[in-house]
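J.: One structure follows; several queries about it will come next.
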Amino acid sequence: MSDYEEATAFLGEWGRFQKQVFLLLCLTVLPNGFAALSIVFVADTPLHRCVVPARVNLTAAWRNSSIPLEEDSGGELLPSKCLRYKLDDLLSFSERALVPGVDVNLSEVPKEGCLDGWDYDQSLYTSTIITEWNLVCDDRWKNPLTSSVFFCGVLAGSIISGQLSDRYGRKIVLFVTLAMHTVFALIMVVSPSWPVFCALYFVVGMANISNYVSAFVLGTEILGPRVRTIFSTMGVCLFFCVGYMVLPLVGYFIRDWRMLTLALNLPGLLYLPFWWLIPESPRWLLSQGRVKEAEAIVRDAARRNNIEPPPVIFSPLQNKRQSEERTTHNICDLLRSRNICGTSLTLWLVWNTLTIGYFALSLNTANLHGNPYFNCFLSAVVELPAYMLSWVLFRWVSRRLSIFSTLSMGGMSLLFIQLIPANLIPVAITLEMMGKFAVSTAFAFVYAYTAEIYPTVLRNTAIGACSMASRLGSIIAPYFIYLRSYSVSLPYILMGSLMTLAGLLSLLLPETYGMPLPDTITHMQPFPGCCQKKPYTAAHTEEDEDISSEKKNPVVT
């Protein structure tokens, strides 16, 4: 048990204060569940073909034969999405009463692009950004780029939010980014063009990750050890999943992308009263030397829990540490020593692979066989047992073994998809959902695991940096799906191989199971292969740290 946890143990684990913080922070995560993944419906590409204007006086036979047939990846002949037969030639054939396929060999008729636009199938969507701005054929590259722009925003948010939160506080960053998310998402509703939509979507992505990381770290630092485990594995993840499940349900009834965006983001205004209900992190306040403010929050928590606090909550031990904890830390500290550098680089690789797997599989639901709304809902429902399993693993199983087993399971499931015959579609979808289940379990687990590895003075910066490093994966994830146009199996082979490799790399990470949450850099567990220091345990006293400092332990930064 750390000194902070000893000082606040009188509060108990699950009083009224902890219940309120737990629930409200989980609720702030709901928008994250549909913000990134709403693009599945907002930017889906319905079936389309070239327009043949009514002004062109063609016979019914020639109008029906005006679009050439092309072979798709499955070998089926379908009308071309981007070409039509040259209308001047068709008009000439029609006026001469020639019969297509009998008097005229269609394979010899010249073709042209969709000069008059496209007809879109409206059986699934009234409108999407694809149909509104014609992001098809020569402009189809803009579709995956739209998702990548969002994740570039997530990258930018990961870079700045962690350091801002460590410097100015978890609470203020949480609410500023919640407001940004809501306001800019609502402005997206009136986007006049694709470039404007992307610019706004970038800011939404930046706010999206910032509020998630701030809420996660705030809950991790306020709640006690047992509740913290539930919050960091099941709590925030289950509420994220609820937001994800709401997406296809709302999308099913609202088929216009502007109205869908409005309906999903308007409830964000309801978060305003939360400012007066969610406190700042006492751990962070202590690390900044603001002991009186930290004590005031803890005393208020005791009042809500109907507990009489002791006269002195934080002993001189906390004050003695403030000289170290008030030291300004930044992202460079994550690479400063051999111990913390090895841990950081390995975590960044694992996070990167997880984001590729999670977002590529989530964005792929519109391409699966069957109804895209049902497939999206199924992809969300699969995450419920995954997050419950992550809590079980986090509660009773070694951290390294848990990450390794889930990543390996996901990788093997995706690699087996290429072996399934084309007529066994349900089996292939089952394997894909197994891969989604495994990667969701690992994703929920790695957030909590990362929070355990890093100390209070670096925790938000570290999680923000891990999230930042993983954004390369999320940025390129839409292009993994784009590879389906060349080979349906190629995305699964690449994702499966990467996840299996990441599982092996995770065995290099330090084990934190049963260890207290570190408050300072000295408390971090060693990275395998680095010079070993005495593990931080309940019996590890301040005197031990002084001795280790005198010996100039190379792990200390």
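Labels for the structure tokens follow display order: chains A, B, ..., residues from 1 in each chain, ligands from 1.
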Find the residues of range 226-321 of chain A that sit at most 12 Å from range 17-24 of chain A; for each, write down the nearest two atoms and how far apart they are in Å, to one decimal. Count only C-alpha atoms. Sort by chain, then by number going up, and give it as a Markdown table.

T.:
```
| residue | atom | partner | partner_atom | distance |
| --- | --- | --- | --- | --- |
| A:Arg226 | CA | A:Gln18 | CA | 11.5 |
| A:Val227 | CA | A:Gln18 | CA | 8.4 |
| A:Arg228 | CA | A:Phe22 | CA | 9.0 |
| A:Thr229 | CA | A:Phe22 | CA | 11.5 |
| A:Ile230 | CA | A:Phe22 | CA | 9.6 |
| A:Phe231 | CA | A:Phe22 | CA | 6.9 |
| A:Ser232 | CA | A:Phe22 | CA | 10.1 |
| A:Met234 | CA | A:Phe22 | CA | 11.2 |
| A:Gly235 | CA | A:Phe22 | CA | 7.8 |
| A:Val236 | CA | A:Phe22 | CA | 8.9 |
| A:Leu238 | CA | A:Leu23 | CA | 11.5 |
| A:Phe239 | CA | A:Leu23 | CA | 9.6 |
| A:Leu270 | CA | A:Leu24 | CA | 11.7 |
| A:Tyr271 | CA | A:Leu24 | CA | 9.2 |
| A:Leu272 | CA | A:Leu24 | CA | 11.7 |
| A:Pro273 | CA | A:Leu24 | CA | 10.5 |
| A:Phe274 | CA | A:Leu24 | CA | 7.3 |
| A:Trp275 | CA | A:Leu24 | CA | 10.1 |
| A:Trp276 | CA | A:Leu24 | CA | 11.1 |
| A:Leu277 | CA | A:Val21 | CA | 7.9 |
| A:Ile278 | CA | A:Val21 | CA | 6.1 |
| A:Pro279 | CA | A:Val21 | CA | 8.0 |
| A:Glu280 | CA | A:Val21 | CA | 10.5 |
| A:Ser281 | CA | A:Val21 | CA | 10.8 |
| A:Ile297 | CA | A:Phe17 | CA | 10.4 |
| A:Val298 | CA | A:Phe17 | CA | 9.7 |
| A:Arg299 | CA | A:Phe17 | CA | 10.8 |
| A:Asp300 | CA | A:Phe17 | CA | 8.6 |
| A:Ala301 | CA | A:Phe17 | CA | 5.5 |
| A:Ala302 | CA | A:Phe17 | CA | 7.9 |
| A:Arg303 | CA | A:Phe17 | CA | 8.8 |
| A:Arg304 | CA | A:Phe17 | CA | 5.9 |
| A:Asn305 | CA | A:Phe17 | CA | 6.2 |
| A:Asn306 | CA | A:Phe17 | CA | 9.8 |
| A:Ile307 | CA | A:Phe17 | CA | 11.0 |
```

J.: Take the residues just selected and output them with C-alpha atoms as a PDB file, in the first residue's frame.

T.:
```
ATOM      1  CA  ARG A 226     -10.096  -2.727  -5.509  1.00  0.00           C
ATOM      2  CA  VAL A 227     -12.568  -0.260  -6.993  1.00  0.00           C
ATOM      3  CA  ARG A 228      -9.794   1.159  -9.161  1.00  0.00           C
ATOM      4  CA  THR A 229      -9.371  -2.256 -10.769  1.00  0.00           C
ATOM      5  CA  ILE A 230     -13.078  -2.458 -11.603  1.00  0.00           C
ATOM      6  CA  PHE A 231     -13.157   1.131 -12.854  1.00  0.00           C
ATOM      7  CA  SER A 232     -10.102   0.864 -15.092  1.00  0.00           C
ATOM      8  CA  MET A 234     -14.767  -2.843 -16.630  1.00  0.00           C
ATOM      9  CA  GLY A 235     -16.134   0.578 -15.660  1.00  0.00           C
ATOM     10  CA  VAL A 236     -14.959   2.966 -18.365  1.00  0.00           C
ATOM     11  CA  LEU A 238     -18.407  -0.970 -20.373  1.00  0.00           C
ATOM     12  CA  PHE A 239     -19.702   2.590 -20.666  1.00  0.00           C
ATOM     13  CA  LEU A 270     -25.935  17.501 -20.189  1.00  0.00           C
ATOM     14  CA  TYR A 271     -22.364  17.158 -18.860  1.00  0.00           C
ATOM     15  CA  LEU A 272     -22.176  20.789 -17.725  1.00  0.00           C
ATOM     16  CA  PRO A 273     -23.496  20.131 -14.150  1.00  0.00           C
ATOM     17  CA  PHE A 274     -20.843  17.441 -13.647  1.00  0.00           C
ATOM     18  CA  TRP A 275     -18.279  20.206 -12.995  1.00  0.00           C
ATOM     19  CA  TRP A 276     -19.705  20.684  -9.497  1.00  0.00           C
ATOM     20  CA  LEU A 277     -19.900  16.961  -8.775  1.00  0.00           C
ATOM     21  CA  ILE A 278     -16.498  15.592  -9.867  1.00  0.00           C
ATOM     22  CA  PRO A 279     -13.476  16.648  -7.734  1.00  0.00           C
ATOM     23  CA  GLU A 280      -9.875  17.176  -8.724  1.00  0.00           C
ATOM     24  CA  SER A 281      -7.428  14.332  -8.036  1.00  0.00           C
ATOM     25  CA  ILE A 297     -11.366  17.110  -0.992  1.00  0.00           C
ATOM     26  CA  VAL A 298     -10.627  14.127   1.238  1.00  0.00           C
ATOM     27  CA  ARG A 299     -12.506  15.707   4.167  1.00  0.00           C
ATOM     28  CA  ASP A 300     -15.487  16.370   1.899  1.00  0.00           C
ATOM     29  CA  ALA A 301     -15.350  12.724   0.807  1.00  0.00           C
ATOM     30  CA  ALA A 302     -15.350  11.669   4.467  1.00  0.00           C
ATOM     31  CA  ARG A 303     -18.378  13.866   5.110  1.00  0.00           C
ATOM     32  CA  ARG A 304     -20.277  12.275   2.230  1.00  0.00           C
ATOM     33  CA  ASN A 305     -19.354   8.819   3.491  1.00  0.00           C
ATOM     34  CA  ASN A 306     -20.434   9.745   7.053  1.00  0.00           C
ATOM     35  CA  ILE A 307     -16.923   9.127   8.357  1.00  0.00           C
TER      36      ILE A 307
END
```

J.: Excluding Val204 in chain A and its own-chain neighbours fewer than 6 positions away, which residues fall within 10 Å of it when counting only C-alpha atoms? Please give them as a PyMOL selection string.

T.: chain A and resi 35-36+150-151+153-154+157+177-178+180-186+188+198+210

J.: Selection from above, C-alpha atoms, as an mmCIF file, in the first residue's frame, can you write it?

T.:
```
data_model
loop_
_atom_site.group_PDB
_atom_site.id
_atom_site.type_symbol
_atom_site.label_atom_id
_atom_site.label_comp_id
_atom_site.auth_asym_id
_atom_site.auth_seq_id
_atom_site.Cartn_x
_atom_site.Cartn_y
_atom_site.Cartn_z
ATOM 1 C CA ALA A 35 -17.540 9.489 -31.842
ATOM 2 C CA ALA A 36 -14.865 7.569 -33.744
ATOM 3 C CA PHE A 150 -9.977 11.895 -37.015
ATOM 4 C CA PHE A 151 -7.155 9.728 -35.705
ATOM 5 C CA GLY A 153 -6.671 14.596 -34.204
ATOM 6 C CA VAL A 154 -6.453 11.828 -31.635
ATOM 7 C CA GLY A 157 -4.750 15.270 -28.439
ATOM 8 C CA THR A 177 -12.197 18.678 -23.838
ATOM 9 C CA LEU A 178 -15.768 17.504 -23.188
ATOM 10 C CA MET A 180 -14.743 20.962 -27.301
ATOM 11 C CA HIS A 181 -16.044 17.536 -28.307
ATOM 12 C CA THR A 182 -19.687 18.601 -28.087
ATOM 13 C CA VAL A 183 -19.347 22.035 -29.694
ATOM 14 C CA PHE A 184 -17.259 20.986 -32.697
ATOM 15 C CA ALA A 185 -19.320 17.833 -33.287
ATOM 16 C CA LEU A 186 -22.458 19.988 -33.436
ATOM 17 C CA MET A 188 -20.023 19.380 -38.101
ATOM 18 C CA CYS A 198 -12.448 16.945 -41.947
ATOM 19 C CA SER A 210 -8.182 13.917 -24.204
#
```

J.: List every residue of range 113-359 of chain A that DSSP, applied to the backbone, labels as alpha helix (DSSP H), and write the result as a VMD selection string.

T.: chain A and resid 129 to 133 142 to 168 170 to 188 194 to 222 225 to 230 236 to 253 257 to 265 282 to 287 291 to 304 316 to 325 338 to 359

J.: Taking only C-alpha atoms into account, name the residue in A:Thr353, A:Ser413, A:Ser337, A:Ser38 that is nearest to Thr365 in chain A.

T.: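 Once distances to Thr365 in chain A are computed over only C-alpha atoms, the minimum belongs to A:Ser38.
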
J.: Using only C-alpha atoms, can you tell me which of A:Ala380, A:Cys241, A:Leu87, A:Leu106 comes closest to Leu363 in chain A?

T.: A:Ala380

J.: Run DSSP on the backbone of this structure and report the residues of range 28-236 of chain A it assigns to strand (DSSP E), as a ChimeraX atom specification.

T.: /A:48-50,69-71,77-79,83-85,111-113,118-120

J.: For Pro491 in chain A, which of A:Ala477, A:Val291, A:Val457, A:Val40 is the closest residue, counting only C-alpha atoms?

T.: A:Ala477

J.: Near Leu247 in chain A, within 10 Å and counting only C-alpha atoms, which residues show up once chain neighbours fewer than 2 positions away are dropped, as a PyMOL selection string?

T.: chain A and resi 31+33-35+37-38+40-41+241-245+249-252+260+264+373+376-377+380

J.: Go ahead and save the residues from that selection, with N, CA and C atoms, as a PDB file, in the first residue's frame.

T.:
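Output (part.pdb):
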```
ATOM      1  N   PRO A  31     -19.687   9.395 -24.881  1.00  0.00           N
ATOM      2  CA  PRO A  31     -19.500   9.925 -26.241  1.00  0.00           C
ATOM      3  C   PRO A  31     -18.333   9.302 -26.983  1.00  0.00           C
ATOM      4  N   GLY A  33     -17.669   6.274 -27.187  1.00  0.00           N
ATOM      5  CA  GLY A  33     -18.096   5.024 -27.797  1.00  0.00           C
ATOM      6  C   GLY A  33     -18.625   5.177 -29.204  1.00  0.00           C
ATOM      7  N   PHE A  34     -19.177   6.352 -29.519  1.00  0.00           N
ATOM      8  CA  PHE A  34     -19.727   6.511 -30.866  1.00  0.00           C
ATOM      9  C   PHE A  34     -19.037   7.589 -31.693  1.00  0.00           C
ATOM     10  N   ALA A  35     -18.162   8.381 -31.094  1.00  0.00           N
ATOM     11  CA  ALA A  35     -17.540   9.489 -31.842  1.00  0.00           C
ATOM     12  C   ALA A  35     -16.684   8.973 -32.992  1.00  0.00           C
ATOM     13  N   LEU A  37     -16.475   5.789 -34.125  1.00  0.00           N
ATOM     14  CA  LEU A  37     -17.065   4.719 -34.917  1.00  0.00           C
ATOM     15  C   LEU A  37     -18.334   5.128 -35.642  1.00  0.00           C
ATOM     16  N   SER A  38     -18.840   6.336 -35.397  1.00  0.00           N
ATOM     17  CA  SER A  38     -20.002   6.797 -36.155  1.00  0.00           C
ATOM     18  C   SER A  38     -19.670   6.944 -37.635  1.00  0.00           C
ATOM     19  N   VAL A  40     -18.584   4.770 -39.441  1.00  0.00           N
ATOM     20  CA  VAL A  40     -19.031   3.544 -40.109  1.00  0.00           C
ATOM     21  C   VAL A  40     -20.306   3.804 -40.904  1.00  0.00           C
ATOM     22  N   PHE A  41     -21.218   4.629 -40.358  1.00  0.00           N
ATOM     23  CA  PHE A  41     -22.463   4.947 -41.045  1.00  0.00           C
ATOM     24  C   PHE A  41     -22.401   6.308 -41.744  1.00  0.00           C
ATOM     25  N   CYS A 241     -18.550   0.849 -24.304  1.00  0.00           N
ATOM     26  CA  CYS A 241     -19.275  -0.152 -25.084  1.00  0.00           C
ATOM     27  C   CYS A 241     -20.754   0.213 -25.212  1.00  0.00           C
ATOM     28  N   VAL A 242     -21.341   0.746 -24.146  1.00  0.00           N
ATOM     29  CA  VAL A 242     -22.746   1.182 -24.205  1.00  0.00           C
ATOM     30  C   VAL A 242     -22.903   2.270 -25.264  1.00  0.00           C
ATOM     31  N   GLY A 243     -21.965   3.225 -25.287  1.00  0.00           N
ATOM     32  CA  GLY A 243     -21.999   4.260 -26.321  1.00  0.00           C
ATOM     33  C   GLY A 243     -21.878   3.667 -27.715  1.00  0.00           C
ATOM     34  N   TYR A 244     -21.021   2.662 -27.847  1.00  0.00           N
ATOM     35  CA  TYR A 244     -20.842   1.964 -29.121  1.00  0.00           C
ATOM     36  C   TYR A 244     -22.133   1.240 -29.524  1.00  0.00           C
ATOM     37  N   MET A 245     -22.813   0.618 -28.562  1.00  0.00           N
ATOM     38  CA  MET A 245     -24.064  -0.090 -28.848  1.00  0.00           C
ATOM     39  C   MET A 245     -25.196   0.869 -29.219  1.00  0.00           C
ATOM     40  N   LEU A 249     -28.136   1.527 -32.968  1.00  0.00           N
ATOM     41  CA  LEU A 249     -29.554   1.660 -32.642  1.00  0.00           C
ATOM     42  C   LEU A 249     -30.088   3.014 -33.098  1.00  0.00           C
ATOM     43  N   VAL A 250     -29.343   4.080 -32.827  1.00  0.00           N
ATOM     44  CA  VAL A 250     -29.755   5.406 -33.280  1.00  0.00           C
ATOM     45  C   VAL A 250     -29.645   5.495 -34.802  1.00  0.00           C
ATOM     46  N   GLY A 251     -28.557   4.931 -35.344  1.00  0.00           N
ATOM     47  CA  GLY A 251     -28.353   4.978 -36.785  1.00  0.00           C
ATOM     48  C   GLY A 251     -29.430   4.246 -37.561  1.00  0.00           C
ATOM     49  N   TYR A 252     -29.973   3.203 -36.987  1.00  0.00           N
ATOM     50  CA  TYR A 252     -31.029   2.433 -37.665  1.00  0.00           C
ATOM     51  C   TYR A 252     -32.269   3.291 -37.904  1.00  0.00           C
ATOM     52  N   LEU A 260     -28.109  12.279 -37.814  1.00  0.00           N
ATOM     53  CA  LEU A 260     -27.479  11.282 -36.943  1.00  0.00           C
ATOM     54  C   LEU A 260     -26.405  11.939 -36.080  1.00  0.00           C
ATOM     55  N   LEU A 264     -26.564  12.257 -31.918  1.00  0.00           N
ATOM     56  CA  LEU A 264     -25.542  11.610 -31.085  1.00  0.00           C
ATOM     57  C   LEU A 264     -24.825  12.600 -30.172  1.00  0.00           C
ATOM     58  N   TYR A 373     -26.075  -2.527 -39.719  1.00  0.00           N
ATOM     59  CA  TYR A 373     -26.491  -2.098 -38.385  1.00  0.00           C
ATOM     60  C   TYR A 373     -26.399  -3.264 -37.408  1.00  0.00           C
ATOM     61  N   CYS A 376     -22.676  -4.074 -36.781  1.00  0.00           N
ATOM     62  CA  CYS A 376     -22.076  -3.092 -35.870  1.00  0.00           C
ATOM     63  C   CYS A 376     -22.518  -3.360 -34.433  1.00  0.00           C
ATOM     64  N   PHE A 377     -23.795  -3.651 -34.256  1.00  0.00           N
ATOM     65  CA  PHE A 377     -24.303  -3.955 -32.910  1.00  0.00           C
ATOM     66  C   PHE A 377     -23.643  -5.221 -32.362  1.00  0.00           C
ATOM     67  N   ALA A 380     -20.245  -4.514 -31.153  1.00  0.00           N
ATOM     68  CA  ALA A 380     -20.270  -3.822 -29.861  1.00  0.00           C
ATOM     69  C   ALA A 380     -20.608  -4.784 -28.726  1.00  0.00           C
TER      70      ALA A 380
END
```

J.: With distances taken over only C-alpha atoms, which of A:Tyr492, A:Tyr212, A:Phe394, A:Phe480 is nearest to Glu452 in chain A?

T.: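 Ranked by minimum distance to Glu452 in chain A, first place goes to A:Phe394.
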
J.: Could you please determine the separation between CA of Cys466 in chain A and CA of Trp351 in chain A in Å, to one decimal place?

T.: 6.6 Å

J.: What does the structure give for the distance between CA of Ala422 in chain A and CA of Ile356 in chain A, in Å to one decimal?

T.: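 According to the coordinates, CA of Ala422 in chain A and CA of Ile356 in chain A are separated by 24.8 Å.
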
J.: Need to verify the contact set: Ala360 in chain A, 12 Å, only C-alpha atoms, exclusion of same-chain residues closer than 3 positions in sequence. Can you return it as a PyMOL selection string?

T.: chain A and resi 36-37+40+144+147-148+353-357+363-367+379+414+432+435-436+439+473-484+491-492+494-496

J.: What would the file look like if the residues just selected were written as a short mmCIF file (atom, residue, chain, number, x, y, z; two decimals), in the first residue's frame with N, CA and C atoms?

T.:
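Done, and the output landed in out14.cif:
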```cif
data_model
loop_
_atom_site.label_atom_id
_atom_site.label_comp_id
_atom_site.auth_asym_id
_atom_site.auth_seq_id
_atom_site.Cartn_x
_atom_site.Cartn_y
_atom_site.Cartn_z
N ALA A 36 -15.76 8.07 -32.70
CA ALA A 36 -14.87 7.57 -33.74
C ALA A 36 -15.58 6.61 -34.68
N LEU A 37 -16.48 5.79 -34.13
CA LEU A 37 -17.06 4.72 -34.92
C LEU A 37 -18.33 5.13 -35.64
N VAL A 40 -18.58 4.77 -39.44
CA VAL A 40 -19.03 3.54 -40.11
C VAL A 40 -20.31 3.80 -40.90
N PRO A 144 -11.18 6.54 -46.70
CA PRO A 144 -10.31 6.17 -45.57
C PRO A 144 -9.57 7.36 -44.97
N SER A 147 -11.41 8.99 -41.97
CA SER A 147 -11.17 8.35 -40.67
C SER A 147 -9.78 8.65 -40.17
N SER A 148 -8.80 8.66 -41.07
CA SER A 148 -7.43 8.93 -40.65
C SER A 148 -7.27 10.35 -40.12
N THR A 353 -0.21 -1.89 -32.02
CA THR A 353 -0.84 -3.07 -32.61
C THR A 353 -2.30 -3.19 -32.19
N LEU A 354 -2.58 -2.90 -30.93
CA LEU A 354 -3.96 -2.99 -30.45
C LEU A 354 -4.88 -2.01 -31.17
N THR A 355 -4.40 -0.80 -31.43
CA THR A 355 -5.26 0.17 -32.12
C THR A 355 -5.52 -0.25 -33.56
N ILE A 356 -4.51 -0.82 -34.22
CA ILE A 356 -4.74 -1.33 -35.57
C ILE A 356 -5.83 -2.39 -35.56
N GLY A 357 -5.69 -3.38 -34.66
CA GLY A 357 -6.65 -4.47 -34.60
C GLY A 357 -8.04 -4.00 -34.22
N LEU A 363 -14.18 -0.79 -37.89
CA LEU A 363 -14.57 -0.09 -39.12
C LEU A 363 -14.97 -1.05 -40.23
N ASN A 364 -14.60 -2.31 -40.08
CA ASN A 364 -14.88 -3.31 -41.12
C ASN A 364 -16.30 -3.86 -41.05
N THR A 365 -17.08 -3.51 -40.03
CA THR A 365 -18.40 -4.11 -39.85
C THR A 365 -19.32 -3.83 -41.04
N ALA A 366 -19.16 -2.68 -41.69
CA ALA A 366 -20.01 -2.36 -42.84
C ALA A 366 -19.71 -3.25 -44.04
N ASN A 367 -18.53 -3.90 -44.05
CA ASN A 367 -18.15 -4.76 -45.17
C ASN A 367 -18.51 -6.22 -44.96
N SER A 379 -20.70 -6.36 -33.16
CA SER A 379 -19.31 -6.02 -32.83
C SER A 379 -19.22 -5.31 -31.48
N LEU A 414 -7.64 -14.38 -36.31
CA LEU A 414 -7.64 -13.66 -37.58
C LEU A 414 -6.85 -14.40 -38.66
N GLU A 432 -13.84 -13.65 -36.84
CA GLU A 432 -13.56 -12.21 -36.76
C GLU A 432 -14.05 -11.64 -35.43
N GLY A 435 -11.65 -12.53 -32.77
CA GLY A 435 -10.52 -11.61 -32.80
C GLY A 435 -10.86 -10.28 -32.16
N LYS A 436 -12.08 -9.78 -32.44
CA LYS A 436 -12.53 -8.53 -31.82
C LYS A 436 -12.65 -8.69 -30.31
N VAL A 439 -9.01 -8.67 -28.85
CA VAL A 439 -8.34 -7.37 -28.88
C VAL A 439 -9.03 -6.38 -27.95
N GLY A 473 -1.09 3.46 -35.52
CA GLY A 473 -1.93 2.31 -35.84
C GLY A 473 -3.35 2.70 -36.22
N SER A 474 -3.93 3.62 -35.46
CA SER A 474 -5.31 4.02 -35.77
C SER A 474 -5.39 4.82 -37.06
N ILE A 475 -4.34 5.60 -37.37
CA ILE A 475 -4.34 6.38 -38.61
C ILE A 475 -4.30 5.48 -39.83
N ILE A 476 -3.53 4.38 -39.75
CA ILE A 476 -3.43 3.49 -40.91
C ILE A 476 -4.48 2.38 -40.89
N ALA A 477 -5.22 2.23 -39.78
CA ALA A 477 -6.23 1.18 -39.69
C ALA A 477 -7.25 1.24 -40.82
N PRO A 478 -7.77 2.45 -41.22
CA PRO A 478 -8.72 2.47 -42.34
C PRO A 478 -8.14 1.93 -43.63
N TYR A 479 -6.82 2.05 -43.81
CA TYR A 479 -6.20 1.55 -45.04
C TYR A 479 -6.01 0.04 -45.00
N PHE A 480 -6.02 -0.56 -43.82
CA PHE A 480 -6.06 -2.03 -43.73
C PHE A 480 -7.36 -2.53 -44.36
N ILE A 481 -8.46 -1.83 -44.09
CA ILE A 481 -9.74 -2.20 -44.69
C ILE A 481 -9.71 -1.93 -46.19
N TYR A 482 -9.05 -0.88 -46.60
CA TYR A 482 -8.94 -0.52 -48.02
C TYR A 482 -8.25 -1.63 -48.81
N LEU A 483 -7.39 -2.42 -48.14
CA LEU A 483 -6.68 -3.52 -48.80
C LEU A 483 -7.62 -4.63 -49.26
N ARG A 484 -8.87 -4.63 -48.77
CA ARG A 484 -9.84 -5.63 -49.21
C ARG A 484 -10.08 -5.56 -50.72
N PRO A 491 -6.02 -8.11 -45.18
CA PRO A 491 -6.09 -7.40 -43.89
C PRO A 491 -5.99 -8.34 -42.69
N TYR A 492 -6.63 -9.51 -42.79
CA TYR A 492 -6.61 -10.45 -41.67
C TYR A 492 -5.22 -11.05 -41.45
N LEU A 494 -2.30 -9.60 -42.16
CA LEU A 494 -1.44 -8.57 -41.57
C LEU A 494 -1.79 -8.33 -40.10
N MET A 495 -3.09 -8.19 -39.80
CA MET A 495 -3.48 -7.94 -38.41
C MET A 495 -3.15 -9.12 -37.51
N GLY A 496 -3.41 -10.33 -37.99
CA GLY A 496 -3.11 -11.52 -37.18
C GLY A 496 -1.63 -11.65 -36.87
#
```

J.: Extract, using only C-alpha atoms, all DNA, RNA and protein residues at most 12 Å from Pro192 in chain A, discarding same-chain residues fewer than 5 positions from it, and format them as a count of residues only.

T.: 9
